[in-house]
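**Q** My questions will all concern the structure given below.
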Amino acid sequence: MRNPTETKGAILHHAGGLFNVQGYRATSISHITDATGFTKGAIYRHFKSKEKLEEQTLVHLTEVMFEKMRAEIKQKANAVDKLKAIVHFFESYVTKPPIKGGCPLLNVAIEADDQSPHLRKKANLILDVLKQSIVTLLTNGQKFGQIKKEIDHEYFATVMIASLEGAIMMSKLSKSNRDIQIVITHLEKMIDEVAEKN
């Protein structure tokens with residue numbers, strides 16, 4: 001008898017690879033049964049519908065992404081270096097994607113239109129988590145005298161995320177690191193400008 005937790009994990013893993021590479025609409029339950037070796041019944045025992053599977057897979061993919069990003073951030077001693085670690089983590093989506101198919105948030109944002117409100121809503125919540133992570137780093141950096149006091153957190157986090165995601169898209173299209181490297185140089189300067197000079 002299969003372990004239900006392991007079965008669910010295997011479904012999320014394989015579905016994640018398919019959704020992130022082929023797209024959510026282009027991937028059918030049959031594609032997932034072929035990839036996992038599980039029956040449709042087994043998949044629907046763990047996920048009530050394809051929409052629920054899509055939502056939980058997006059959460060799974062972004063949890064993998066956040067876990068890898070947190071590991072990079074944890075190695076840094078101060079807020080300035082932690083912010084730069086996020087910037088360089090996103091660079092890896094062009095050179096060596098930590099998740100096959102690239103950034104799951106960017107991929108779903110491109111695909112989640114009016115026909116996929118469930119995915120758009122879930123992606124928006126994940127985007128808020130990413131934005132709040134940057135805001136928290138800025139706030140903590142201010143508390144410890146590493147970041148200037150007059151920074152607009154919302155503005156800074158929005159510009160940082162939009163720049164990174166836009167650069168990933170441009171670099172993927174051009175199949176070149178040039179755009180992401182230009183944006184990284186710009187963001188590093190922006191981070192240095194908000195650093196408190198001790």
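Residues are referred to by chain and number: the chain letter is A, B, ... according to the order shown in the structure tokens, the number counts from 1 in that chain, and ligands are numbered separately from 1 in the order shown.
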As a PyMOL selection string, list the residues of region 18-135 of chain A assigned to alpha helix (DSSP H) by DSSP on the backbone atoms of this structure.

**A** chain A and resi 18-22+29-36+40-46+50-74+79-95+104-111+117-135

**Q** With a distance cut-off of 10 Å and only C-alpha atoms, select the neighbouring residues of Ser92 (chain A), excluding the residue or stretch itself and same-chain residues fewer than 3 positions from it, and output the selection as a ChimeraX atom specification.

**A** /A:87-89,95-99,102-103,168,177,180

**Q** Let me see the file: selected residues, N, CA and C atoms, as a JSON list (two decimals), in the first residue's frame.

**A**
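File part.json, as written:
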[["chain", "number", "residue", "atom", "x", "y", "z"],
["A", 87, "VAL", "N", 18.73, 39.27, -5.50],
["A", 87, "VAL", "CA", 19.00, 39.69, -6.88],
["A", 87, "VAL", "C", 19.76, 38.59, -7.62],
["A", 88, "HIS", "N", 20.80, 38.05, -7.02],
["A", 88, "HIS", "CA", 21.61, 37.03, -7.68],
["A", 88, "HIS", "C", 20.89, 35.68, -7.76],
["A", 89, "PHE", "N", 19.99, 35.44, -6.80],
["A", 89, "PHE", "CA", 19.18, 34.22, -6.88],
["A", 89, "PHE", "C", 18.33, 34.24, -8.16],
["A", 95, "THR", "N", 20.62, 31.47, -16.06],
["A", 95, "THR", "CA", 21.82, 30.66, -16.28],
["A", 95, "THR", "C", 21.61, 29.20, -15.88],
["A", 96, "LYS", "N", 21.14, 28.97, -14.64],
["A", 96, "LYS", "CA", 20.91, 27.61, -14.15],
["A", 96, "LYS", "C", 19.61, 27.61, -13.35],
["A", 97, "PRO", "N", 18.46, 27.48, -14.00],
["A", 97, "PRO", "CA", 17.20, 27.58, -13.26],
["A", 97, "PRO", "C", 17.10, 26.56, -12.13],
["A", 98, "PRO", "N", 16.81, 27.03, -10.91],
["A", 98, "PRO", "CA", 16.67, 26.10, -9.78],
["A", 98, "PRO", "C", 15.44, 25.20, -9.93],
["A", 99, "ILE", "N", 14.51, 25.64, -10.79],
["A", 99, "ILE", "CA", 13.32, 24.83, -11.09],
["A", 99, "ILE", "C", 13.22, 24.73, -12.61],
["A", 102, "GLY", "N", 12.04, 27.47, -15.38],
["A", 102, "GLY", "CA", 12.22, 28.86, -14.97],
["A", 102, "GLY", "C", 11.34, 29.27, -13.80],
["A", 103, "CYS", "N", 11.17, 30.57, -13.65],
["A", 103, "CYS", "CA", 10.46, 31.13, -12.50],
["A", 103, "CYS", "C", 8.96, 30.77, -12.55],
["A", 168, "ILE", "N", 14.20, 38.59, -16.46],
["A", 168, "ILE", "CA", 14.16, 37.15, -16.74],
["A", 168, "ILE", "C", 13.43, 36.91, -18.05],
["A", 177, "ASN", "N", 22.23, 36.33, -21.30],
["A", 177, "ASN", "CA", 22.25, 36.86, -19.93],
["A", 177, "ASN", "C", 22.31, 38.37, -19.89],
["A", 180, "ILE", "N", 19.46, 40.43, -17.92],
["A", 180, "ILE", "CA", 19.44, 40.20, -16.48],
["A", 180, "ILE", "C", 20.68, 40.81, -15.83]]

**Q** Extract, using only C-alpha atoms, all DNA, RNA and protein residues at most 8 Å from Ile191 (chain A), discarding same-chain residues fewer than 5 positions from it, and format them as a ChimeraX atom specification.

**A** /A:80,83-84

**Q** My list of candidates is A:Ile126, A:Pro4, A:Glu91, A:Glu111. Which is closest to Thr185 (chain A) when distances are computed with only C-alpha atoms?

**A**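 Once distances to Thr185 (chain A) are computed over only C-alpha atoms, the minimum belongs to A:Glu91.
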
**Q** Give me, as a JSON list (two decimals) with N, CA and C atoms, in the first residue's frame, all polymer residues having an atom no more than 12 Å from His31 (chain A), counting only C-alpha atoms and skipping those fewer than 5 positions away in the same chain.

**A**
[["chain", "number", "residue", "atom", "x", "y", "z"],
["A", 11, "ILE", "N", 3.03, 13.33, -7.13],
["A", 11, "ILE", "CA", 2.12, 13.98, -8.09],
["A", 11, "ILE", "C", 2.50, 15.46, -8.24],
["A", 14, "HIS", "N", 5.89, 15.82, -10.24],
["A", 14, "HIS", "CA", 5.77, 15.59, -11.69],
["A", 14, "HIS", "C", 4.86, 16.62, -12.36],
["A", 15, "ALA", "N", 3.74, 16.93, -11.70],
["A", 15, "ALA", "CA", 2.83, 17.95, -12.26],
["A", 15, "ALA", "C", 3.54, 19.29, -12.34],
["A", 16, "GLY", "N", 4.35, 19.60, -11.32],
["A", 16, "GLY", "CA", 5.10, 20.85, -11.31],
["A", 16, "GLY", "C", 6.02, 20.98, -12.50],
["A", 17, "GLY", "N", 6.75, 19.91, -12.80],
["A", 17, "GLY", "CA", 7.64, 19.92, -13.96],
["A", 17, "GLY", "C", 6.87, 20.15, -15.25],
["A", 18, "LEU", "N", 5.74, 19.49, -15.38],
["A", 18, "LEU", "CA", 4.93, 19.62, -16.61],
["A", 18, "LEU", "C", 4.30, 21.00, -16.72],
["A", 19, "PHE", "N", 3.66, 21.46, -15.64],
["A", 19, "PHE", "CA", 2.99, 22.77, -15.68],
["A", 19, "PHE", "C", 4.00, 23.89, -15.95],
["A", 22, "GLN", "N", 5.44, 23.10, -19.82],
["A", 22, "GLN", "CA", 4.46, 23.09, -20.92],
["A", 22, "GLN", "C", 3.38, 24.15, -20.78],
["A", 23, "GLY", "N", 3.12, 24.56, -19.52],
["A", 23, "GLY", "CA", 2.02, 25.46, -19.24],
["A", 23, "GLY", "C", 0.88, 24.71, -18.58],
["A", 24, "TYR", "N", 0.04, 25.44, -17.86],
["A", 24, "TYR", "CA", -1.06, 24.83, -17.11],
["A", 24, "TYR", "C", -2.17, 24.35, -18.03],
["A", 25, "ARG", "N", -2.50, 25.17, -19.02],
["A", 25, "ARG", "CA", -3.58, 24.79, -19.93],
["A", 25, "ARG", "C", -3.18, 23.65, -20.86],
["A", 26, "ALA", "N", -1.91, 23.65, -21.26],
["A", 26, "ALA", "CA", -1.44, 22.64, -22.22],
["A", 26, "ALA", "C", -1.21, 21.28, -21.57],
["A", 36, "THR", "N", 3.50, 10.14, -13.91],
["A", 36, "THR", "CA", 3.57, 9.60, -12.54],
["A", 36, "THR", "C", 3.37, 8.08, -12.49],
["A", 37, "GLY", "N", 2.64, 7.55, -13.48],
["A", 37, "GLY", "CA", 2.27, 6.13, -13.43],
["A", 37, "GLY", "C", 1.04, 5.89, -12.57],
["A", 38, "PHE", "N", 0.44, 6.97, -12.03],
["A", 38, "PHE", "CA", -0.77, 6.85, -11.22],
["A", 38, "PHE", "C", -2.00, 6.96, -12.12],
["A", 39, "THR", "N", -3.10, 6.39, -11.67],
["A", 39, "THR", "CA", -4.36, 6.50, -12.42],
["A", 39, "THR", "C", -5.00, 7.87, -12.17],
["A", 40, "LYS", "N", -5.95, 8.22, -13.02],
["A", 40, "LYS", "CA", -6.71, 9.46, -12.80],
["A", 40, "LYS", "C", -7.40, 9.42, -11.45],
["A", 43, "ILE", "N", -5.06, 10.35, -8.71],
["A", 43, "ILE", "CA", -4.80, 11.80, -8.70],
["A", 43, "ILE", "C", -5.98, 12.55, -8.09],
["A", 50, "LYS", "N", -8.73, 19.49, -11.43],
["A", 50, "LYS", "CA", -7.48, 19.94, -12.05],
["A", 50, "LYS", "C", -7.11, 21.33, -11.52]]

**Q** Figure out the distance between CA of Gln132 (chain A) and CA of Ala157 (chain A), please, to one decimal in Å.

**A**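 Calculated distance between CA of Ala157 (chain A) and CA of Gln132 (chain A) is 8.0 Å.
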
**Q** Please indicate the distance in Å from CA of Asp81 (chain A) to CA of Asn20 (chain A), rounded to one decimal place.

**A** 29.6 Å

**Q** Between CA of Thr7 (chain A) and CA of Asn107 (chain A), what distance in Å does the model show, to one decimal?

**A**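 Interatomic distance, CA of Thr7 (chain A) to CA of Asn107 (chain A): 25.3 Å.
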
**Q** Can you tell me which residues surround Asn78 (chain A) at a distance of at most 10 Å, considering only C-alpha atoms, apart from same-chain residues fewer than 5 positions away, and format the answer as a count of residues only?

**A** 9

**Q** Please list as a short mmCIF file (atom, residue, chain, number, x, y, z; two decimals) with all heavy atoms, in the first residue's frame every residue within 12 Å of Thr5 (chain A), counting only C-alpha atoms and excluding residues in the same chain fewer than 5 positions away.

**A**
data_model
loop_
_atom_site.label_atom_id
_atom_site.label_comp_id
_atom_site.auth_asym_id
_atom_site.auth_seq_id
_atom_site.Cartn_x
_atom_site.Cartn_y
_atom_site.Cartn_z
N ALA A 10 4.77 13.00 -4.97
CA ALA A 10 5.20 12.58 -6.32
C ALA A 10 4.33 13.24 -7.39
O ALA A 10 4.84 13.68 -8.43
CB ALA A 10 5.12 11.05 -6.44
N ILE A 11 3.03 13.33 -7.13
CA ILE A 11 2.12 13.98 -8.09
C ILE A 11 2.50 15.46 -8.24
O ILE A 11 2.62 15.97 -9.36
CB ILE A 11 0.64 13.83 -7.67
CG1 ILE A 11 0.21 12.35 -7.72
CG2 ILE A 11 -0.28 14.67 -8.57
CD1 ILE A 11 -1.11 12.05 -7.03
N LEU A 12 2.70 16.14 -7.12
CA LEU A 12 3.08 17.57 -7.16
C LEU A 12 4.40 17.77 -7.88
O LEU A 12 4.55 18.71 -8.67
CB LEU A 12 3.16 18.14 -5.74
CG LEU A 12 1.83 18.35 -5.01
CD1 LEU A 12 2.07 18.69 -3.54
CD2 LEU A 12 1.00 19.43 -5.68
N ARG A 45 -8.10 11.45 -6.02
CA ARG A 45 -8.25 11.16 -4.58
C ARG A 45 -7.49 12.21 -3.76
O ARG A 45 -7.88 12.53 -2.64
CB ARG A 45 -7.71 9.76 -4.25
CG ARG A 45 -8.81 8.70 -4.17
CD ARG A 45 -8.35 7.43 -3.49
NE ARG A 45 -7.22 6.77 -4.11
CZ ARG A 45 -7.28 6.01 -5.20
NH1 ARG A 45 -8.44 5.81 -5.81
NH2 ARG A 45 -6.20 5.45 -5.67
N HIS A 46 -6.41 12.73 -4.32
CA HIS A 46 -5.59 13.72 -3.60
C HIS A 46 -5.95 15.16 -3.95
O HIS A 46 -5.69 16.07 -3.16
CB HIS A 46 -4.11 13.47 -3.91
CG HIS A 46 -3.61 12.18 -3.34
ND1 HIS A 46 -3.22 12.05 -2.03
CD2 HIS A 46 -3.46 10.95 -3.90
CE1 HIS A 46 -2.84 10.80 -1.81
NE2 HIS A 46 -2.98 10.11 -2.93
#

**Q** As a VMD selection string, please: the residues near Ala109 (chain A) (cut-off 8 Å, only C-alpha atoms, same-chain neighbours under 4 positions excluded).

**A** chain A and resid 105 113 120 123
